>>> print(open('target30.txt').read())   # compact mmCIF, C-alpha atoms
# COMPACT_ATOMS: atom_id res chain seq x y z
CA CYS A 1 3.95 -9.24 -20.50
CA SER A 2 2.65 -10.27 -17.09
CA ILE A 3 -0.58 -12.19 -16.66
CA ILE A 4 -3.43 -10.22 -15.09
CA HIS A 5 -5.70 -12.38 -12.96
CA THR A 6 -9.36 -11.61 -12.36
CA MET A 7 -9.68 -11.56 -8.58
CA LYS A 8 -13.17 -11.75 -7.15
CA LEU A 9 -14.21 -9.83 -4.08
CA GLN A 10 -14.41 -12.90 -1.82
CA LYS A 11 -10.82 -13.86 -2.72
CA LEU A 12 -9.68 -10.33 -1.90
CA TYR A 13 -11.49 -10.49 1.45
CA SER A 14 -9.88 -13.86 2.18
CA LYS A 15 -6.30 -12.72 1.51
CA VAL A 16 -6.70 -9.46 3.40
CA ARG A 17 -8.43 -11.16 6.33
CA GLN A 18 -5.59 -13.71 6.51
CA ALA A 19 -2.96 -10.97 6.67
CA ILE A 20 -4.91 -9.12 9.35
CA ASP A 21 -5.21 -12.28 11.45
CA ASP A 22 -1.62 -13.47 10.92
CA TYR A 23 -0.14 -10.21 12.16
CA ASN A 24 -2.90 -8.96 14.51
CA MET A 25 -3.35 -5.81 12.45
CA ILE A 26 -6.79 -4.85 13.78
CA THR A 27 -8.02 -4.82 17.35
CA GLU A 28 -11.32 -3.78 18.89
CA ASN A 29 -12.41 -0.17 18.31
CA ASP A 30 -9.46 0.77 16.13
CA LYS A 31 -10.00 3.83 13.97
CA ILE A 32 -8.07 3.21 10.77
CA ALA A 33 -7.15 5.74 8.11
CA ILE A 34 -6.55 4.48 4.59
CA GLY A 35 -4.03 6.58 2.71
CA VAL A 36 -5.84 6.98 -0.62
CA SER A 37 -3.76 8.19 -3.56
CA GLY A 38 -6.35 7.51 -6.26
CA GLY A 39 -4.26 4.60 -7.57
CA LYS A 40 -5.40 1.01 -8.03
CA ASP A 41 -3.68 -0.28 -4.87
CA SER A 42 -5.24 2.12 -2.38
CA LEU A 43 -8.68 1.82 -3.98
CA THR A 44 -8.48 -1.98 -3.78
CA LEU A 45 -7.55 -1.70 -0.09
CA LEU A 46 -10.45 0.72 0.45
CA TYR A 47 -12.84 -1.79 -1.12
CA ALA A 48 -11.43 -4.66 0.97
CA LEU A 49 -11.45 -3.02 4.40
CA SER A 50 -14.85 -1.39 3.90
CA GLY A 51 -16.33 -4.83 3.16
CA ILE A 52 -14.48 -6.71 5.90
CA ARG A 53 -15.67 -4.10 8.39
CA SER A 54 -19.20 -5.54 8.15
CA PHE A 55 -18.28 -9.09 9.26
CA TYR A 56 -15.00 -8.81 11.17
CA PRO A 57 -15.33 -10.24 14.72
CA VAL A 58 -14.35 -6.97 16.42
CA PRO A 59 -15.70 -3.51 15.50
CA PHE A 60 -13.46 -0.91 13.88
CA GLU A 61 -13.92 2.43 12.14
CA LEU A 62 -12.59 3.46 8.76
CA VAL A 63 -11.80 6.78 7.11
CA ALA A 64 -10.09 7.56 3.80
CA ILE A 65 -7.54 10.37 3.56
CA ALA A 66 -6.01 11.73 0.36
CA VAL A 67 -3.01 14.07 0.49
CA ASP A 68 -3.29 16.55 -2.40
CA LEU A 69 0.27 17.46 -3.38
CA GLY A 70 -0.83 20.63 -5.12
CA TYR A 71 -0.50 19.53 -8.74
CA GLU A 72 -3.09 20.91 -11.17
CA ASP A 73 -5.81 18.74 -12.71
CA PHE A 74 -5.90 16.21 -9.89
CA ASP A 75 -9.60 15.39 -9.66
CA LEU A 76 -10.52 13.16 -6.72
CA SER A 77 -14.30 13.44 -7.16
CA PRO A 78 -14.58 9.83 -8.46
CA VAL A 79 -12.81 8.63 -5.31
CA LYS A 80 -15.19 10.68 -3.19
CA ALA A 81 -18.12 9.03 -4.99
CA LEU A 82 -16.69 5.56 -4.28
CA CYS A 83 -16.22 6.42 -0.60
CA ASP A 84 -19.83 7.57 -0.43
CA GLU A 85 -20.93 4.29 -2.04
CA LEU A 86 -18.91 2.30 0.51
CA SER A 87 -19.99 4.46 3.47
CA VAL A 88 -16.45 5.58 4.26
CA GLU A 89 -15.78 9.15 5.37
CA PHE A 90 -13.40 10.87 2.93
CA TYR A 91 -10.99 13.74 3.58
CA VAL A 92 -8.64 15.64 1.29
CA VAL A 93 -5.58 17.31 2.84
CA LYS A 94 -4.49 20.25 0.68
CA THR A 95 -0.72 20.83 0.53
CA ASP A 96 2.04 22.37 -1.63
CA ILE A 97 4.26 19.31 -1.21
CA GLY A 98 4.74 18.83 -4.95
CA ARG A 99 6.13 22.35 -5.47
CA ILE A 100 8.19 22.26 -2.25
CA SER A 101 9.75 18.90 -3.15
CA LEU A 102 10.73 20.05 -6.62
CA GLU A 103 12.30 23.23 -5.20
CA LYS A 104 14.18 21.42 -2.43
CA SER A 105 15.50 18.74 -4.76
CA LYS A 106 16.78 20.81 -7.68
CA ASN A 107 20.28 19.44 -7.20
CA GLN A 108 19.17 15.81 -6.89
CA ALA A 109 18.23 13.27 -9.54
CA SER A 110 14.78 12.80 -8.01
CA PRO A 111 12.74 14.50 -5.26
CA CYS A 112 10.87 11.27 -4.46
CA SER A 113 12.32 10.59 -1.00
CA TRP A 114 11.74 14.16 0.15
CA CYS A 115 8.19 14.15 -1.23
CA ALA A 116 7.39 10.80 0.41
CA LYS A 117 8.59 12.05 3.80
CA LEU A 118 6.44 15.20 3.63
CA ARG A 119 3.43 13.27 2.32
CA LYS A 120 3.62 10.72 5.13
CA GLY A 121 3.97 13.51 7.67
CA ALA A 122 0.86 15.26 6.36
CA LEU A 123 -1.09 11.99 6.37
CA ASN A 124 -0.01 11.07 9.89
CA ASP A 125 -0.81 14.50 11.31
CA PHE A 126 -4.28 14.58 9.78
CA ALA A 127 -5.03 10.99 10.82
CA LEU A 128 -4.22 11.88 14.40
CA SER A 129 -6.37 15.01 14.19
CA VAL A 130 -9.47 12.94 13.33
CA GLY A 131 -8.81 10.38 16.08
CA CYS A 132 -7.15 7.56 14.16
CA ASN A 133 -4.74 5.18 15.86
CA LYS A 134 -3.74 3.22 12.75
CA ILE A 135 -3.00 3.96 9.09
CA ALA A 136 -3.44 1.29 6.42
CA TYR A 137 -0.93 1.47 3.58
CA ALA A 138 -1.75 -0.27 0.29
CA HIS A 139 1.60 -2.05 -0.10
CA HIS A 140 1.03 -5.41 -1.80
CA MET A 141 3.26 -8.48 -2.14
CA ASP A 142 5.19 -7.08 -5.11
CA ASP A 143 5.92 -3.86 -3.19
CA ILE A 144 7.39 -5.87 -0.33
CA ILE A 145 9.61 -7.89 -2.68
CA GLU A 146 10.73 -4.76 -4.56
CA THR A 147 11.60 -3.01 -1.31
CA MET A 148 13.78 -5.96 -0.36
CA PHE A 149 15.59 -5.71 -3.71
CA LEU A 150 16.04 -1.95 -3.32
CA SER A 151 17.57 -2.55 0.10
CA LEU A 152 19.89 -5.26 -1.25
CA LEU A 153 21.03 -3.32 -4.33
CA TYR A 154 21.39 0.17 -2.87
CA GLU A 155 21.93 -0.32 0.89
CA GLY A 156 23.62 -3.72 1.09
CA GLN A 157 21.18 -5.27 3.56
CA PHE A 158 18.31 -7.76 3.53
CA TYR A 159 15.29 -5.74 4.62
CA SER A 160 11.69 -4.94 3.79
CA PHE A 161 9.03 -3.00 5.67
CA ALA A 162 7.06 -4.97 8.22
CA PRO A 163 3.36 -5.96 8.19
CA VAL A 164 2.85 -3.75 11.27
CA THR A 165 5.06 -0.79 12.16
CA GLN A 166 4.73 1.25 15.36
CA LEU A 167 5.58 4.92 14.81
CA ASP A 168 7.63 6.14 17.74
CA GLY A 169 6.18 9.02 19.71
CA SER A 170 2.94 9.42 17.76
CA GLY A 171 0.81 6.53 19.01
CA LEU A 172 0.12 5.56 15.39
CA ALA A 173 0.72 2.16 13.86
CA ILE A 174 1.10 1.39 10.16
CA ILE A 175 -0.60 -1.78 8.86
CA ARG A 176 -0.29 -3.39 5.41
CA PRO A 177 -3.36 -5.59 4.84
CA LEU A 178 -2.64 -6.17 1.11
CA MET A 179 0.64 -7.97 1.83
CA TYR A 180 -0.64 -11.35 0.55
CA VAL A 181 -2.13 -9.86 -2.63
CA GLY A 182 -0.02 -9.76 -5.80
CA GLU A 183 0.00 -6.77 -8.12
CA SER A 184 -1.47 -8.83 -10.96
CA ASP A 185 -4.45 -9.60 -8.72
CA VAL A 186 -4.87 -5.91 -7.90
CA LYS A 187 -4.90 -5.07 -11.61
CA GLY A 188 -7.48 -7.76 -12.25
CA PHE A 189 -9.64 -6.52 -9.38
CA LYS A 190 -9.42 -2.94 -10.65
CA ASN A 191 -10.62 -4.04 -14.08
CA LYS A 192 -13.39 -6.34 -12.84
CA TYR A 193 -14.86 -3.77 -10.45
CA ASN A 194 -14.14 -0.65 -12.56
CA LEU A 195 -12.30 1.19 -9.80
CA PRO A 196 -12.11 4.96 -10.46
CA VAL A 197 -8.33 5.22 -10.75
CA CYS A 198 -6.98 8.78 -10.94
CA LYS A 199 -3.85 9.35 -13.02
CA ASN A 200 -0.80 10.24 -10.94
CA PRO A 201 0.11 13.84 -11.86
CA CYS A 202 3.68 13.58 -10.54
CA PRO A 203 6.25 14.23 -13.31
CA TYR A 204 8.54 11.57 -11.82
CA ASP A 205 5.93 8.80 -11.93
CA GLY A 206 7.44 5.69 -13.58
CA HIS A 207 11.01 7.08 -13.59
CA THR A 208 12.36 5.87 -10.26
CA ARG A 209 14.66 3.21 -8.84
CA ARG A 210 11.56 1.32 -7.74
CA GLU A 211 10.32 1.16 -11.32
CA TYR A 212 13.70 -0.25 -12.39
CA VAL A 213 13.50 -2.92 -9.67
CA LYS A 214 9.87 -3.69 -10.60
CA GLN A 215 10.94 -4.51 -14.15
CA LEU A 216 13.89 -6.56 -12.83
CA VAL A 217 11.64 -8.70 -10.60
CA ARG A 218 9.11 -9.09 -13.41
CA GLN A 219 11.83 -10.41 -15.73
CA LEU A 220 13.14 -12.78 -13.07
CA ASN A 221 9.66 -14.19 -12.58
CA LEU A 222 9.15 -14.63 -16.32
CA GLU A 223 12.40 -16.57 -16.61
CA ASN A 224 11.87 -18.47 -13.34
CA PRO A 225 8.11 -19.00 -12.82
CA GLY A 226 7.13 -18.80 -9.16
CA VAL A 227 10.23 -16.90 -8.08
CA LYS A 228 8.18 -14.03 -6.62
CA LYS A 229 6.40 -16.38 -4.22
CA ARG A 230 9.73 -17.87 -3.19
CA LEU A 231 11.22 -14.42 -2.64
CA PHE A 232 8.23 -13.47 -0.49
CA SER A 233 8.62 -16.67 1.52
CA ALA A 234 12.29 -15.82 2.07
CA ILE A 235 11.24 -12.47 3.55
CA GLN A 236 8.58 -14.10 5.76
CA ASN A 237 11.03 -16.69 7.05
CA SER A 238 13.88 -14.25 7.67
CA ASN A 239 14.83 -12.56 10.92
CA ILE A 240 13.72 -9.11 9.80
CA ASP A 241 12.34 -7.11 12.72
CA ASP A 242 8.56 -7.26 13.29
CA TRP A 243 7.93 -10.16 10.89
CA VAL A 244 6.83 -12.60 13.60
CA LYS A 245 3.36 -13.99 12.96
CA CYS A 246 0.68 -13.97 15.59
CA SER A 247 -0.91 -17.18 14.28
CA LYS A 248 -0.37 -20.04 11.85
CA PRO A 249 1.38 -18.87 8.63
CA SER A 250 -0.93 -18.40 5.68
CA ASP A 251 -0.56 -19.64 2.13
CA ALA A 252 -0.09 -16.45 0.15
CA SER A 253 -0.57 -18.21 -3.19
>>> encode(input="target30.txt", output="structure tokens")
Amino acid sequence: CSIIHTMKLQKLYSKVRQAIDDYNMITENDKIAIGVSGGKDSLTLLYALSGIRSFYPVPFELVAIAVDLGYEDFDLSPVKALCDELSVEFYVVKTDIGRISLEKSKNQASPCSWCAKLRKGALNDFALSVGCNKIAYAHHMDDIIETMFLSLLYEGQFYSFAPVTQLDGSGLAIIRPLMYVGESDVKGFKNKYNLPVCKNPCPYDGHTRREYVKQLVRQLNLENPGVKKRLFSAIQNSNIDDWVKCSKPSDAS
């Protein structure tokens, strides 16, 4: 099994601040929406950005947005309580995306890609409606590595999503401030700070290509200690679009 590290708040701030500075993710008077799913990753990002907001050299606003896919028994009240504690405005966007995705994808092995597209569209539209110009996704280092493997195995190209992505035609930009944080650190932070994680109600949770790749990368790292850091460095040092740093490279260890 993988080792779960106990990451303290100051270490989380440090790694997130370094990513923000390296890729110029935040500028003065940005209004940033955090896409909150109720999972450990987005709640860790919520905690990080809400704290950094108080000492970052330029002012920025923060809101949290959850897209309710319409599944029953999805209680986000603990997330609302955390947002209140952190002084972050919280919105829930009600949708029928779960039902629509299952209907549209009856002839496919998984509706995940369709669902993700609709979910992102709902998040983007609502973020724009409340005056946001950026959306913070909670993709961590492991997500970036796994995306690269998915691209290699299923598309035949070396690619992973960028630290900052400009969305054509909308005026929105996507930022990924957790990019230097490993999943084991996120798990440790969740446990140390008792984050109110909500169980994912999706019936396809844990049964995707990404889950297969996650286990593959985990096994590679067990057999070759440190391989995840080397894989991440390979992505950083590649010629993938939009991976040019704005300052001195950080040590993501």
>>> closest_residue(input="target30.txt", among="A:Ile235, A:Ile20, A:Leu82, A:Val164", to="Gly38 of chain A", atoms="only C-alpha atoms")
A:Leu82
>>> closest_atom_pairs(input="target30.txt", of="segment 76-146 of chain A", to="segment 203-227 of chain A", cutoff="9 Å", atoms="all atoms listed in the file", output="JSON lines")
{"residue": "A:Ser110", "atom": "CA", "partner": "A:Tyr204", "partner_atom": "CA", "distance": 7.4}
{"residue": "A:Pro111", "atom": "CA", "partner": "A:Tyr204", "partner_atom": "CA", "distance": 8.3}
{"residue": "A:Cys112", "atom": "CA", "partner": "A:Tyr204", "partner_atom": "CA", "distance": 7.7}
{"residue": "A:Asp142", "atom": "CA", "partner": "A:Lys214", "partner_atom": "CA", "distance": 8.0}
{"residue": "A:Asp143", "atom": "CA", "partner": "A:Lys214", "partner_atom": "CA", "distance": 8.4}
{"residue": "A:Ile145", "atom": "CA", "partner": "A:Val217", "partner_atom": "CA", "distance": 8.2}
{"residue": "A:Glu146", "atom": "CA", "partner": "A:Val213", "partner_atom": "CA", "distance": 6.1}
>>> atom_distance(input="target30.txt", atom1="atom CA of His140 of chain A", atom2="atom CA of Leu45 of chain A")
9.5 Å
>>> closest_residue(input="target30.txt", among="A:Val186, A:Val93, A:Met179, A:Ala234", to="Thr44 of chain A", atoms="all atoms listed in the file")
A:Val186
>>> atom_distance(input="target30.txt", atom1="atom CA of Phe158 of chain A", atom2="atom CA of Asn239 of chain A")
9.5 Å
>>> closest_residue(input="target30.txt", among="A:Met148, A:Leu128, A:Ala173, A:Ile26", to="Glu61 of chain A", atoms="all atoms listed in the file")
A:Ile26
>>> atom_distance(input="target30.txt", atom1="atom CA of Ile65 of chain A", atom2="atom CA of Val92 of chain A")
5.8 Å
>>> residues_near_point(input="target30.txt", point="(-8.9, 4.7, 11.4)", cutoff="6 Å", atoms="only C-alpha atoms", output="JSON, numbers by chain")
{"A": [31, 32, 33, 61, 62, 63, 132, 134]}
>>> closest_residue(input="target30.txt", among="A:Ile240, A:Val16, A:Met7, A:Leu46", to="Leu178 of chain A", atoms="only C-alpha atoms")
A:Val16
>>> residues_near_point(input="target30.txt", point="(-6.5, 11.7, -12.0)", cutoff="8 Å", atoms="all atoms listed in the file", output="list in words")
Gly38, Asp73, Phe74, Asp75, Leu76, Val197, Cys198, Lys199, Asn200 and Pro201 of chain A
>>> closest_residue(input="target30.txt", among="A:Tyr71, A:Ile97, A:Pro196, A:Tyr56", to="Cys83 of chain A", atoms="all atoms listed in the file")
A:Pro196
>>> closest_residue(input="target30.txt", among="A:Leu123, A:Leu9, A:Leu195, A:Met141", to="Arg176 of chain A", atoms="all atoms listed in the file")
A:Met141
